[in-house]
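Enquirer: Hey, dropping structure-v7.tsv in here, TSV, C-alpha atoms and all ligand atoms:
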```tsv
chain	number	residue	atom	x	y	z
V	26	MET	CA	92.07	104.22	117.25
V	27	SER	CA	92.34	107.94	117.84
V	28	ARG	CA	89.90	110.28	119.48
V	29	TYR	CA	90.29	112.54	116.48
V	30	TRP	CA	89.01	109.97	114.00
V	31	SER	CA	85.55	110.19	112.47
V	32	ASP	CA	83.12	107.33	113.08
V	33	VAL	CA	83.65	106.40	109.44
V	34	ALA	CA	87.44	106.01	109.84
V	35	THR	CA	86.99	104.11	113.09
V	36	GLY	CA	84.53	101.65	111.57
V	37	LEU	CA	86.53	100.77	108.45
V	38	THR	CA	88.05	97.35	107.69
V	39	PRO	CA	90.58	98.29	104.99
V	40	TYR	CA	91.77	96.03	102.17
V	41	VAL	CA	95.17	94.46	102.85
V	42	PRO	CA	97.34	94.32	99.71
V	43	GLY	CA	99.99	91.65	99.20
V	44	GLU	CA	103.37	92.40	100.70
V	45	GLN	CA	105.67	94.74	98.71
V	46	PRO	CA	109.02	94.06	100.41
V	47	LYS	CA	111.93	96.46	100.18
V	48	VAL	CA	114.49	93.67	99.69
V	49	LEU	CA	115.24	93.14	96.04
V	50	ASP	CA	116.50	89.58	95.67
V	51	LEU	CA	113.11	88.01	96.37
V	52	ILE	CA	111.17	85.92	93.91
V	53	LYS	CA	107.91	87.77	94.14
V	54	LEU	CA	104.95	85.62	93.16
V	55	ASN	CA	102.41	87.16	95.55
V	56	THR	CA	100.68	90.12	93.85
V	57	ASN	CA	100.04	89.03	90.24
V	58	GLU	CA	102.41	91.54	88.73
V	59	ASN	CA	103.74	90.84	85.26
V	60	PRO	CA	107.27	89.34	85.28
V	61	TYR	CA	108.17	91.33	82.15
V	62	PRO	CA	108.84	95.06	81.97
V	63	PRO	CA	106.39	97.30	80.10
V	64	SER	CA	106.89	97.99	76.40
V	65	PRO	CA	109.99	100.11	75.68
V	66	ARG	CA	107.61	102.53	73.95
V	67	VAL	CA	105.99	103.24	77.33
V	68	LEU	CA	109.32	104.31	78.79
V	69	GLN	CA	110.08	106.43	75.72
V	70	ALA	CA	106.68	108.15	75.93
V	71	ILE	CA	107.18	108.93	79.62
V	72	GLN	CA	110.65	110.29	78.91
V	73	ASP	CA	109.29	112.44	76.09
V	74	GLU	CA	106.62	113.79	78.41
V	75	LEU	CA	109.29	114.50	81.04
V	76	GLY	CA	111.51	116.12	78.41
V	77	GLU	CA	109.00	118.89	78.18
V	78	ALA	CA	108.67	118.92	81.96
V	79	GLY	CA	109.40	122.60	82.31
V	80	SER	CA	106.30	123.36	80.36
V	81	SER	CA	104.30	120.21	80.98
V	82	LEU	CA	104.47	119.04	84.64
V	83	ARG	CA	103.84	122.60	85.71
V	84	ARG	CA	100.35	122.25	84.25
V	85	TYR	CA	97.44	120.08	85.36
V	86	PRO	CA	96.89	116.99	83.21
V	87	ASP	CA	93.86	116.47	80.98
V	88	PRO	CA	91.08	115.86	83.54
V	89	ASN	CA	89.39	113.27	81.30
V	90	SER	CA	92.46	111.46	79.92
V	91	GLU	CA	91.06	111.83	76.40
V	92	GLY	CA	94.22	110.40	74.84
V	93	VAL	CA	93.89	107.18	76.85
V	94	LYS	CA	90.19	107.00	76.03
V	95	ALA	CA	90.96	107.28	72.32
V	96	ALA	CA	93.62	104.53	72.56
V	97	VAL	CA	91.29	102.18	74.45
V	98	ALA	CA	88.41	102.97	72.05
V	99	ARG	CA	90.58	102.15	69.05
V	100	PHE	CA	91.85	98.90	70.58
V	101	HIS	CA	88.41	97.65	71.60
V	102	ARG	CA	86.48	99.18	68.67
V	103	ILE	CA	84.06	101.16	70.83
V	104	GLU	CA	83.26	104.87	71.20
V	105	THR	CA	85.07	107.20	73.60
V	106	ASN	CA	81.77	108.04	75.33
V	107	GLN	CA	81.57	104.36	76.32
V	108	ILE	CA	84.83	104.61	78.31
V	109	PHE	CA	85.74	105.89	81.76
V	110	ILE	CA	89.41	106.20	82.79
V	111	GLY	CA	90.59	105.96	86.39
V	112	ASN	CA	93.67	105.79	88.61
V	113	GLY	CA	93.91	102.00	88.51
V	114	SER	CA	90.82	99.85	88.19
V	115	ASP	CA	90.54	99.89	91.99
V	116	GLU	CA	89.57	103.56	91.76
V	117	VAL	CA	87.24	102.83	88.86
V	118	LEU	CA	85.61	100.10	90.97
V	119	ALA	CA	85.22	102.47	93.91
V	120	HIS	CA	83.24	104.86	91.69
V	121	VAL	CA	81.25	101.93	90.28
V	122	PHE	CA	80.15	100.86	93.77
V	123	LEU	CA	79.07	104.37	94.74
V	124	GLY	CA	77.63	105.43	91.39
V	125	LEU	CA	76.00	102.25	90.09
V	126	LEU	CA	75.73	99.59	92.80
V	127	LYS	CA	74.45	101.46	95.86
V	128	HIS	CA	70.74	100.61	96.04
V	129	SER	CA	68.36	99.22	98.64
V	130	LEU	CA	68.63	95.64	97.36
V	131	PRO	CA	71.97	93.90	98.06
V	132	VAL	CA	74.81	93.64	95.56
V	133	LEU	CA	75.66	90.02	94.79
V	134	PHE	CA	79.17	88.63	94.45
V	135	PRO	CA	80.84	85.24	95.01
V	136	ASP	CA	81.91	84.18	98.52
V	137	ILE	CA	85.40	83.65	97.14
V	138	THR	CA	86.45	86.64	95.08
V	139	TYR	CA	88.40	89.90	95.02
V	140	SER	CA	88.46	90.97	98.66
V	141	PHE	CA	88.17	94.66	97.80
V	142	TYR	CA	84.45	94.31	96.96
V	143	PRO	CA	83.22	93.94	100.57
V	144	VAL	CA	85.62	96.72	101.60
V	145	TYR	CA	83.95	99.15	99.18
V	146	CYS	CA	80.50	98.00	100.30
V	147	ARG	CA	81.35	98.78	103.90
V	148	LEU	CA	82.96	102.11	103.02
V	149	TYR	CA	79.89	103.26	101.09
V	150	GLN	CA	77.37	101.39	103.27
V	151	ILE	CA	76.08	99.26	100.43
V	152	PRO	CA	74.19	96.08	101.37
V	153	PHE	CA	75.75	92.93	99.86
V	154	GLU	CA	75.16	89.21	99.79
V	155	LEU	CA	77.78	86.52	99.19
V	156	VAL	CA	76.83	83.81	96.71
V	157	SER	CA	78.63	80.52	97.34
V	158	LEU	CA	80.71	79.13	94.52
V	159	HIS	CA	80.09	75.45	93.80
V	160	ASP	CA	82.53	72.51	93.83
V	161	GLY	CA	85.86	73.40	92.27
V	162	PHE	CA	85.00	77.08	92.78
V	163	ARG	CA	82.57	77.07	89.84
V	164	LEU	CA	80.25	80.04	89.47
V	165	GLN	CA	76.68	79.18	88.48
V	166	VAL	CA	74.72	81.88	86.71
V	167	ASP	CA	71.36	80.64	88.03
V	168	ASP	CA	72.40	81.63	91.56
V	169	TYR	CA	72.40	85.26	90.46
V	170	CYS	CA	68.94	85.22	88.86
V	171	VAL	CA	67.25	86.75	91.91
V	172	PRO	CA	66.29	90.37	92.66
V	173	ASN	CA	69.46	92.35	93.44
V	174	GLY	CA	70.98	95.81	93.58
V	175	GLY	CA	73.76	94.80	91.18
V	176	ILE	CA	76.11	91.93	90.39
V	177	ILE	CA	79.91	91.97	90.27
V	178	PHE	CA	82.60	89.35	89.82
V	179	PRO	CA	86.02	89.09	88.20
V	180	ASN	CA	86.27	87.00	85.04
V	181	PRO	CA	88.56	85.10	85.28
V	182	ASN	CA	87.74	85.04	88.99
V	183	ALA	CA	90.38	85.92	91.58
V	184	PRO	CA	91.93	84.19	93.44
V	185	THR	CA	90.67	80.99	91.76
V	186	GLY	CA	91.61	81.75	88.13
V	187	ARG	CA	88.43	80.11	86.84
V	188	ILE	CA	86.77	81.57	83.75
V	189	LEU	CA	83.09	81.83	82.87
V	190	GLY	CA	82.25	81.69	79.15
V	191	LEU	CA	80.58	84.54	77.29
V	192	ALA	CA	77.46	82.42	76.67
V	193	ASP	CA	76.95	82.20	80.45
V	194	ILE	CA	77.49	85.94	80.84
V	195	GLU	CA	74.87	86.60	78.16
V	196	ARG	CA	72.46	84.25	79.90
V	197	LEU	CA	73.01	86.23	83.11
V	198	LEU	CA	72.40	89.55	81.31
V	199	GLN	CA	69.19	88.26	79.73
V	200	ALA	CA	67.87	87.16	83.12
V	201	ASN	CA	69.00	90.33	84.90
V	202	THR	CA	67.86	93.54	83.22
V	203	GLU	CA	66.96	95.63	86.28
V	204	SER	CA	70.41	96.19	87.78
V	205	VAL	CA	73.99	96.71	86.63
V	206	VAL	CA	76.18	93.68	85.94
V	207	VAL	CA	79.89	94.45	86.39
V	208	ILE	CA	82.50	92.08	84.96
V	209	ASP	CA	85.97	92.83	86.38
V	210	GLU	CA	88.29	91.72	83.59
V	211	ALA	CA	91.61	92.41	85.33
V	212	TYR	CA	92.98	89.07	84.03
V	213	VAL	CA	91.01	88.54	80.83
V	214	ASP	CA	94.03	88.90	78.53
V	215	PHE	CA	95.59	85.72	79.94
V	216	GLY	CA	92.98	83.35	78.59
V	217	GLY	CA	89.51	84.83	78.58
V	218	GLU	CA	87.34	86.43	75.95
V	219	SER	CA	86.35	89.99	76.82
V	220	ALA	CA	82.65	90.80	77.19
V	221	ILE	CA	83.27	94.33	75.86
V	222	PRO	CA	81.54	93.56	72.51
V	223	LEU	CA	78.37	92.80	74.49
V	224	ILE	CA	78.03	96.37	75.77
V	225	ALA	CA	76.39	97.27	72.42
V	226	HIS	CA	73.52	94.91	73.28
V	227	TYR	CA	73.15	95.26	77.05
V	228	PRO	CA	72.72	98.79	78.50
V	229	ASN	CA	73.30	97.47	82.04
V	230	LEU	CA	76.66	95.77	81.35
V	231	LEU	CA	79.85	97.41	82.61
V	232	ILE	CA	83.34	95.95	82.10
V	233	THR	CA	86.42	97.05	84.03
V	234	GLN	CA	89.99	96.40	82.93
V	235	THR	CA	93.43	97.43	84.15
V	236	LEU	CA	96.87	98.07	82.67
V	237	SER	CA	98.41	96.61	85.85
V	238	LYS	CA	98.52	92.95	84.83
V	239	ALA	CA	98.75	92.13	81.12
V	240	ARG	CA	100.41	95.46	80.27
V	241	SER	CA	102.98	95.35	83.10
V	242	LEU	CA	102.00	98.77	84.47
V	243	ALA	CA	100.88	98.16	88.06
V	244	GLY	CA	103.15	101.01	89.12
V	245	LEU	CA	101.57	103.54	86.74
V	246	ARG	CA	97.98	103.15	88.04
V	247	VAL	CA	95.67	103.12	85.04
V	248	GLY	CA	92.36	101.31	84.63
V	249	PHE	CA	89.11	101.83	82.75
V	250	ALA	CA	85.47	100.91	82.54
V	251	ALA	CA	83.57	100.25	79.31
V	252	GLY	CA	79.80	100.37	79.04
V	253	ASN	CA	76.78	102.24	77.82
V	254	ALA	CA	77.34	106.03	77.75
V	255	ASP	CA	74.62	106.41	80.38
V	256	LEU	CA	76.51	104.19	82.87
V	257	ILE	CA	79.74	106.06	82.10
V	258	GLN	CA	78.05	109.38	82.94
V	259	ALA	CA	77.32	108.14	86.48
V	260	LEU	CA	81.03	107.39	86.95
V	261	VAL	CA	82.03	110.81	85.60
V	262	ARG	CA	79.66	112.47	88.08
V	263	VAL	CA	81.25	110.59	91.00
V	264	LYS	CA	84.80	111.28	89.74
V	265	ASP	CA	84.14	114.99	89.33
V	266	SER	CA	82.85	115.05	92.91
V	267	PHE	CA	86.01	113.30	94.17
V	268	ASN	CA	89.14	114.06	92.12
V	269	SER	CA	89.01	115.81	88.76
V	270	TYR	CA	92.57	114.79	87.76
V	271	PRO	CA	92.93	111.08	88.57
V	272	LEU	CA	95.69	110.39	86.01
V	273	ASP	CA	98.91	112.38	85.97
V	274	ARG	CA	100.66	113.38	82.76
V	275	LEU	CA	103.18	110.52	82.88
V	276	ALA	CA	100.46	107.91	83.37
V	277	ILE	CA	98.49	109.30	80.44
V	278	ALA	CA	101.56	109.26	78.15
V	279	GLY	CA	102.57	105.75	79.24
V	280	ALA	CA	99.09	104.28	78.91
V	281	VAL	CA	98.62	105.63	75.39
V	282	ALA	CA	101.99	104.17	74.37
V	283	ALA	CA	101.12	100.79	75.92
V	284	TYR	CA	98.08	100.48	73.65
V	285	GLY	CA	100.25	101.49	70.70
V	286	ASP	CA	102.49	98.41	71.05
V	287	VAL	CA	100.18	95.49	70.31
V	288	ALA	CA	103.02	93.19	69.23
V	289	TYR	CA	104.80	93.54	72.59
V	290	PHE	CA	101.53	92.97	74.46
V	291	GLU	CA	100.88	89.77	72.47
V	292	LYS	CA	104.43	88.51	72.96
V	293	THR	CA	104.55	89.00	76.74
V	294	ARG	CA	101.07	87.71	77.50
V	295	ASN	CA	101.72	84.61	75.38
V	296	ALA	CA	104.94	84.05	77.34
V	297	VAL	CA	103.01	84.25	80.63
V	298	ILE	CA	100.37	81.83	79.33
V	299	ALA	CA	103.06	79.33	78.26
V	300	SER	CA	104.78	79.63	81.67
V	301	ARG	CA	101.44	79.09	83.43
V	302	GLU	CA	100.95	75.79	81.60
V	303	ARG	CA	104.50	74.73	82.46
V	304	LEU	CA	104.03	75.73	86.12
V	305	THR	CA	100.72	73.86	86.29
V	306	THR	CA	102.39	70.71	84.95
V	307	GLY	CA	105.24	71.07	87.45
V	308	LEU	CA	102.94	71.59	90.44
V	309	THR	CA	100.75	68.66	89.41
V	310	ALA	CA	103.85	66.45	89.22
V	311	LEU	CA	104.62	67.44	92.85
V	312	GLY	CA	101.16	66.27	93.92
V	313	PHE	CA	99.39	69.65	93.97
V	314	GLU	CA	95.77	69.98	92.94
V	315	VAL	CA	95.70	72.97	90.61
V	316	ILE	CA	92.45	74.75	89.69
V	317	PRO	CA	92.43	75.31	85.90
V	318	SER	CA	93.50	78.95	85.47
V	319	ALA	CA	92.80	81.50	82.73
V	320	ALA	CA	94.76	84.16	84.63
V	321	ASN	CA	98.43	85.01	85.36
V	322	PHE	CA	98.32	83.03	88.61
V	323	VAL	CA	97.37	79.55	89.72
V	324	PHE	CA	95.40	78.50	92.78
V	325	ALA	CA	96.65	75.23	94.20
V	326	ARG	CA	96.70	73.05	97.30
V	327	HIS	CA	98.70	70.04	98.37
V	328	PRO	CA	96.73	67.24	100.05
V	329	ALA	CA	99.66	66.37	102.35
V	330	HIS	CA	101.04	69.82	103.23
V	331	ASN	CA	99.60	72.66	105.28
V	332	ALA	CA	99.42	75.83	103.18
V	333	GLY	CA	100.62	78.11	106.00
V	334	GLN	CA	103.71	75.94	106.48
V	335	LEU	CA	104.41	75.90	102.75
V	336	VAL	CA	104.30	79.71	102.75
V	337	LEU	CA	106.87	79.84	105.56
V	338	ALA	CA	109.13	77.27	103.92
V	339	LEU	CA	109.06	79.21	100.64
V	340	ARG	CA	109.68	82.45	102.47
V	341	ARG	CA	112.88	80.96	103.92
V	342	GLN	CA	113.98	80.41	100.30
V	343	ASN	CA	113.14	84.08	99.52
V	344	ILE	CA	110.03	83.16	97.54
V	345	LEU	CA	106.75	84.98	98.20
V	346	VAL	CA	103.33	83.56	97.35
V	347	ARG	CA	99.88	84.66	98.53
V	348	HIS	CA	97.88	82.82	101.18
V	349	PHE	CA	94.40	83.86	102.32
V	350	ARG	CA	93.38	82.73	105.80
V	351	LEU	CA	89.72	82.62	104.82
V	352	PRO	CA	87.04	79.93	105.01
V	353	ARG	CA	87.16	77.32	102.19
V	354	ILE	CA	90.52	78.51	100.83
V	355	GLU	CA	92.88	78.44	103.81
V	356	GLN	CA	94.68	75.40	102.35
V	357	TYR	CA	95.28	77.06	98.98
V	358	LEU	CA	98.23	79.05	97.69
V	359	ARG	CA	97.81	81.69	95.03
V	360	ILE	CA	100.97	81.67	92.97
V	361	THR	CA	101.66	84.39	90.39
V	362	VAL	CA	103.14	83.11	87.15
V	363	GLY	CA	106.70	84.41	86.95
V	364	THR	CA	109.34	83.85	84.30
V	365	ASP	CA	110.20	80.20	83.63
V	366	LEU	CA	113.33	80.73	85.74
V	367	GLU	CA	111.28	81.98	88.70
V	368	CYS	CA	108.73	79.18	88.32
V	369	ASP	CA	111.56	76.64	88.26
V	370	ALA	CA	113.02	78.07	91.48
V	371	LEU	CA	109.59	77.77	93.10
V	372	LEU	CA	109.15	74.17	91.93
V	373	LYS	CA	112.65	73.28	93.15
V	374	ALA	CA	111.96	74.79	96.58
V	375	LEU	CA	108.62	73.00	96.84
V	376	GLY	CA	110.23	69.73	95.74
V	377	GLU	CA	112.70	69.97	98.62
V	378	ILE	CA	110.03	70.30	101.30
V	379	GLU	CA	109.26	67.00	102.98
N	1	LIG	C1	94.60	93.57	90.32
N	1	LIG	C2	93.11	93.62	90.34
N	1	LIG	C3	92.41	94.82	90.22
N	1	LIG	C4	93.04	96.16	90.40
N	1	LIG	O1	93.88	96.56	89.50
N	1	LIG	P1	94.52	98.03	89.58
N	1	LIG	O2	94.18	98.54	88.23
N	1	LIG	O3	95.95	97.80	89.80
N	1	LIG	O4	93.86	98.83	90.65
N	1	LIG	C5	91.03	94.78	90.13
N	1	LIG	N1	90.36	93.63	90.19
N	1	LIG	C6	90.98	92.46	90.36
N	1	LIG	C7	90.19	91.22	90.44
N	1	LIG	C8	92.37	92.43	90.45
N	1	LIG	O5	93.00	91.28	90.68
```
Translate this file's structure into structure tokens.
Expert:
Amino acid sequence: MSRYWSDVATGLTPYVPGEQPKVLDLIKLNTNENPYPPSPRVLQAIQDELGEAGSSLRRYPDPNSEGVKAAVARFHRIETNQIFIGNGSDEVLAHVFLGLLKHSLPVLFPDITYSFYPVYCRLYQIPFELVSLHDGFRLQVDDYCVPNGGIIFPNPNAPTGRILGLADIERLLQANTESVVVIDEAYVDFGGESAIPLIAHYPNLLITQTLSKARSLAGLRVGFAAGNADLIQALVRVKDSFNSYPLDRLAIAGAVAAYGDVAYFEKTRNAVIASRERLTTGLTALGFEVIPSAANFVFARHPAHNAGQLVLALRRQNILVRHFRLPRIEQYLRITVGTDLECDALLKALGEIE
């Protein structure tokens, strides 16, 4: 703590991201990155943008990333005024909390979920209430049918990987018309059905997605929100009071190209899904209990092994996985689905631990 800090800075409890080590020969299964590189068209588009660098990087980028909006609108068959683009979905979520979820009633989210949500609530002084997941980390819609200042959860949920069906989401929207319902679909491409088509019917539904996971672009920082034009306007107002140019020129070029290569997207996400099923089978054979996952990670525990010790043993084999020392989940490992080769190395290392 420094005497020069504001009370705000002093009082913060920042989000702690998974480790990004500098050593290269690690098998990195701790931050849900895609094991495959982005589409070659993304690299070409960035190079083309750079090729004109003399004229292009000198200039500010398009403040509203209209090209990305158009690409997302085409892919999801919605209008560009139903889309907000941000510097990663984390930034989009930050604007969502301030612009749509800050009210006198508390925001509701699961007790086990993306740990950035309470961080934003504390930053923006938004009241929140944790809603306990049920056995097997199941989310029950009825728990959310109470007065609230907003509702947010990832679907599939993180770090559990569990998915809630669209029928349940519609039931929630029908019971909750007075506040905004945010579905964070960071992992939806790995086994969920997007709720984006529902935005035509529910003016209080907002979906967020990211290019970080299924499109292999965590390093480029692009995310978006989709919802009624009126919700989007609130986000634009916050953005234009914070940073008018959230996406740089290279990110805009790369993101547009990513949406242009549907075949590559399908191929790589299907490969991840197949590896997830293989990994689940392998872990189960080693005695792990694996929560059924619709994401690019699995959440698993071993009845006979302490999770903290497993993390250390894997680390000695240069394998990183994520472990949250939090109530209810301290015996679980969150393991990102890597290539089959990486998953096999993990299974081999786990098999050698006695
Ligand atoms: C990874 C992740 C995000 C953030 O994605 P970025 O676009 O990289 O900021 C948001 N929500 C959840 C649940 C995530 O796991």
Enquirer: Under the rule of at most 6 Å, produce a per-residue listing of chain V near ligand LIG 1 (chain N): chain, number, name, the closest pair of atoms, and the distance in Å, as CSV, using only C-alpha atoms and all ligand atoms.
Expert:
```
residue,atom,partner,partner_atom,distance
V:Gly113,CA,N:LIG1,O2,3.5
V:Ser114,CA,N:LIG1,O2,3.6
V:Asp115,CA,N:LIG1,O4,3.7
V:Tyr139,CA,N:LIG1,C7,5.1
V:Pro179,CA,N:LIG1,C7,5.2
V:Ala183,CA,N:LIG1,C7,5.4
V:Asp209,CA,N:LIG1,N1,5.9
V:Ala211,CA,N:LIG1,C6,5.1
V:Thr235,CA,N:LIG1,O2,4.3
V:Ser237,CA,N:LIG1,O3,4.8
V:Ala243,CA,N:LIG1,O3,5.2
V:Arg246,CA,N:LIG1,O2,6.0
V:Val247,CA,N:LIG1,O2,5.8
V:Gly248,CA,N:LIG1,O2,4.9
```
Enquirer: Would you mind reading off the distance between atom CA of His348 of chain V and atom CA of Thr361 of chain V, one decimal, in Å?
Expert: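 Between atom CA of His348 of chain V and atom CA of Thr361 of chain V the gap is 11.5 Å.
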Enquirer: Have a look at V:Asn173, V:Ser157, V:Gln258, V:Gln69 and name the one nearest to Val121 of chain V; count only C-alpha atoms.
Expert: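 The shortest atom-to-atom distance to Val121 of chain V comes from V:Gln258.
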Enquirer: Identify which of the residues V:Phe290, V:Tyr29, V:Tyr284, V:Tyr357 lies closest to Asp214 of chain V, counting all atoms listed in the file when measuring atom-to-atom distances.
Expert: V:Phe290
Enquirer: Around (89.0, 84.8, 77.2) in the file's frame, which residues reach within 12 Å when counting only C-alpha atoms? Return as a PyMOL selection string?
Expert: chain V and resi 180-182+186-192+210-221+298+318-320
Enquirer: Show me, as a ChimeraX atom specification, the residues that have an atom within 12 Å of Arg83 of chain V when counting all atoms listed in the file, minus same-chain residues fewer than 6 positions from it.
Expert: /V:74-75,77,273-274
Enquirer: In terms of the shortest atom-to-atom distance over only C-alpha atoms, which of V:His226, V:Leu308, V:Arg301, V:Pro317 is closest to Pro60 of chain V?
Expert: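 When distances to Pro60 of chain V are compared using only C-alpha atoms, the smallest one comes from V:Arg301.
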Enquirer: Show me, as a list in words, the residues that have an atom within 7 Å of Asp136 of chain V when counting only C-alpha atoms, minus same-chain residues fewer than 5 positions from it.
Expert: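 Contacts, in chain order: Leu155, Val156, Ser157 and Leu158 of chain V.
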Enquirer: Need to verify the contact set: Ser204 of chain V, 10 Å, all atoms listed in the file, exclusion of same-chain residues closer than 3 positions in sequence. Can you return it as a PyMOL selection string?
Expert: chain V and resi 125-126+128+130+132+172-176+198+201+207+228-230
Enquirer: Between V:Pro65, V:Gly285, V:Gly36, V:Pro46, which one has atoms that come closest to Arg340 of chain V, using all atoms listed in the file?
Expert: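 Among V:Pro65, V:Gly285, V:Gly36, V:Pro46, it is V:Pro46 that comes nearest to Arg340 of chain V.
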Enquirer: Report, in Å to a single decimal, how far apart atom CA of Ala251 of chain V and atom CA of Arg99 of chain V are.
Expert: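 Atom-to-atom, atom CA of Arg99 of chain V and atom CA of Ala251 of chain V are spaced 12.6 Å apart.
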Enquirer: Please determine, counting only C-alpha atoms, which residue among V:Thr56, V:Ser266, V:Gln356, V:Thr38 has the shortest atom-to-atom distance to Tyr145 of chain V.
Expert: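 The shortest atom-to-atom distance to Tyr145 of chain V comes from V:Thr38.
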Enquirer: Give me, please, the distance in Å between atom CA of Leu231 of chain V and atom CA of Val117 of chain V, quoted to one decimal.
Expert: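 These two atoms are separated by 11.1 Å.
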Enquirer: Which polymer residues have any atom within 8 Å of an atom of Asp50 of chain V, counting all atoms listed in the file, with same-chain residues fewer than 2 positions away left out, as a PyMOL selection string?
Expert: chain V and resi 48+52+343
Enquirer: So that I have them on file, write out the residues from the current selection with C-alpha atoms, as a compact mmCIF listing (two decimals), in the frame of the given file.
Expert:
```
# COMPACT_ATOMS: atom_id res chain seq x y z
CA VAL V 48 114.49 93.67 99.69
CA ILE V 52 111.17 85.92 93.91
CA ASN V 343 113.14 84.08 99.52
```
Enquirer: Have segment 340-354 of chain V completed to N, CA and C atoms, please, and pass it along as a short mmCIF file (atom, residue, chain, number, x, y, z; two decimals), in the coordinates of the input.
Expert:
```cif
data_model
loop_
_atom_site.label_atom_id
_atom_site.label_comp_id
_atom_site.auth_asym_id
_atom_site.auth_seq_id
_atom_site.Cartn_x
_atom_site.Cartn_y
_atom_site.Cartn_z
N ARG V 340 109.16 81.15 102.03
CA ARG V 340 109.68 82.45 102.47
C ARG V 340 111.15 82.32 102.88
N ARG V 341 111.49 81.19 103.52
CA ARG V 341 112.88 80.96 103.92
C ARG V 341 113.80 80.85 102.70
N GLN V 342 113.21 80.47 101.56
CA GLN V 342 113.98 80.41 100.30
C GLN V 342 113.83 81.73 99.50
N ASN V 343 113.33 82.78 100.18
CA ASN V 343 113.14 84.08 99.52
C ASN V 343 112.11 84.06 98.39
N ILE V 344 111.10 83.20 98.54
CA ILE V 344 110.03 83.16 97.54
C ILE V 344 108.71 83.55 98.21
N LEU V 345 108.04 84.53 97.64
CA LEU V 345 106.75 84.98 98.20
C LEU V 345 105.60 84.48 97.35
N VAL V 346 104.59 83.89 98.02
CA VAL V 346 103.33 83.56 97.35
C VAL V 346 102.21 84.11 98.24
N ARG V 347 100.97 84.09 97.74
CA ARG V 347 99.88 84.66 98.53
C ARG V 347 99.06 83.55 99.17
N HIS V 348 98.66 83.79 100.41
CA HIS V 348 97.88 82.82 101.18
C HIS V 348 96.78 83.59 101.89
N PHE V 349 95.53 83.18 101.68
CA PHE V 349 94.40 83.86 102.32
C PHE V 349 93.88 82.98 103.44
N ARG V 350 93.94 83.50 104.68
CA ARG V 350 93.38 82.73 105.80
C ARG V 350 91.88 82.98 105.88
N LEU V 351 91.17 82.41 104.92
CA LEU V 351 89.72 82.62 104.82
C LEU V 351 89.03 81.26 104.68
N PRO V 352 87.77 81.19 105.11
CA PRO V 352 87.04 79.93 105.01
C PRO V 352 87.07 79.38 103.59
N ARG V 353 87.17 78.07 103.45
CA ARG V 353 87.16 77.32 102.19
C ARG V 353 88.48 77.38 101.43
N ILE V 354 89.30 78.41 101.66
CA ILE V 354 90.52 78.51 100.83
C ILE V 354 91.79 78.57 101.68
#
```
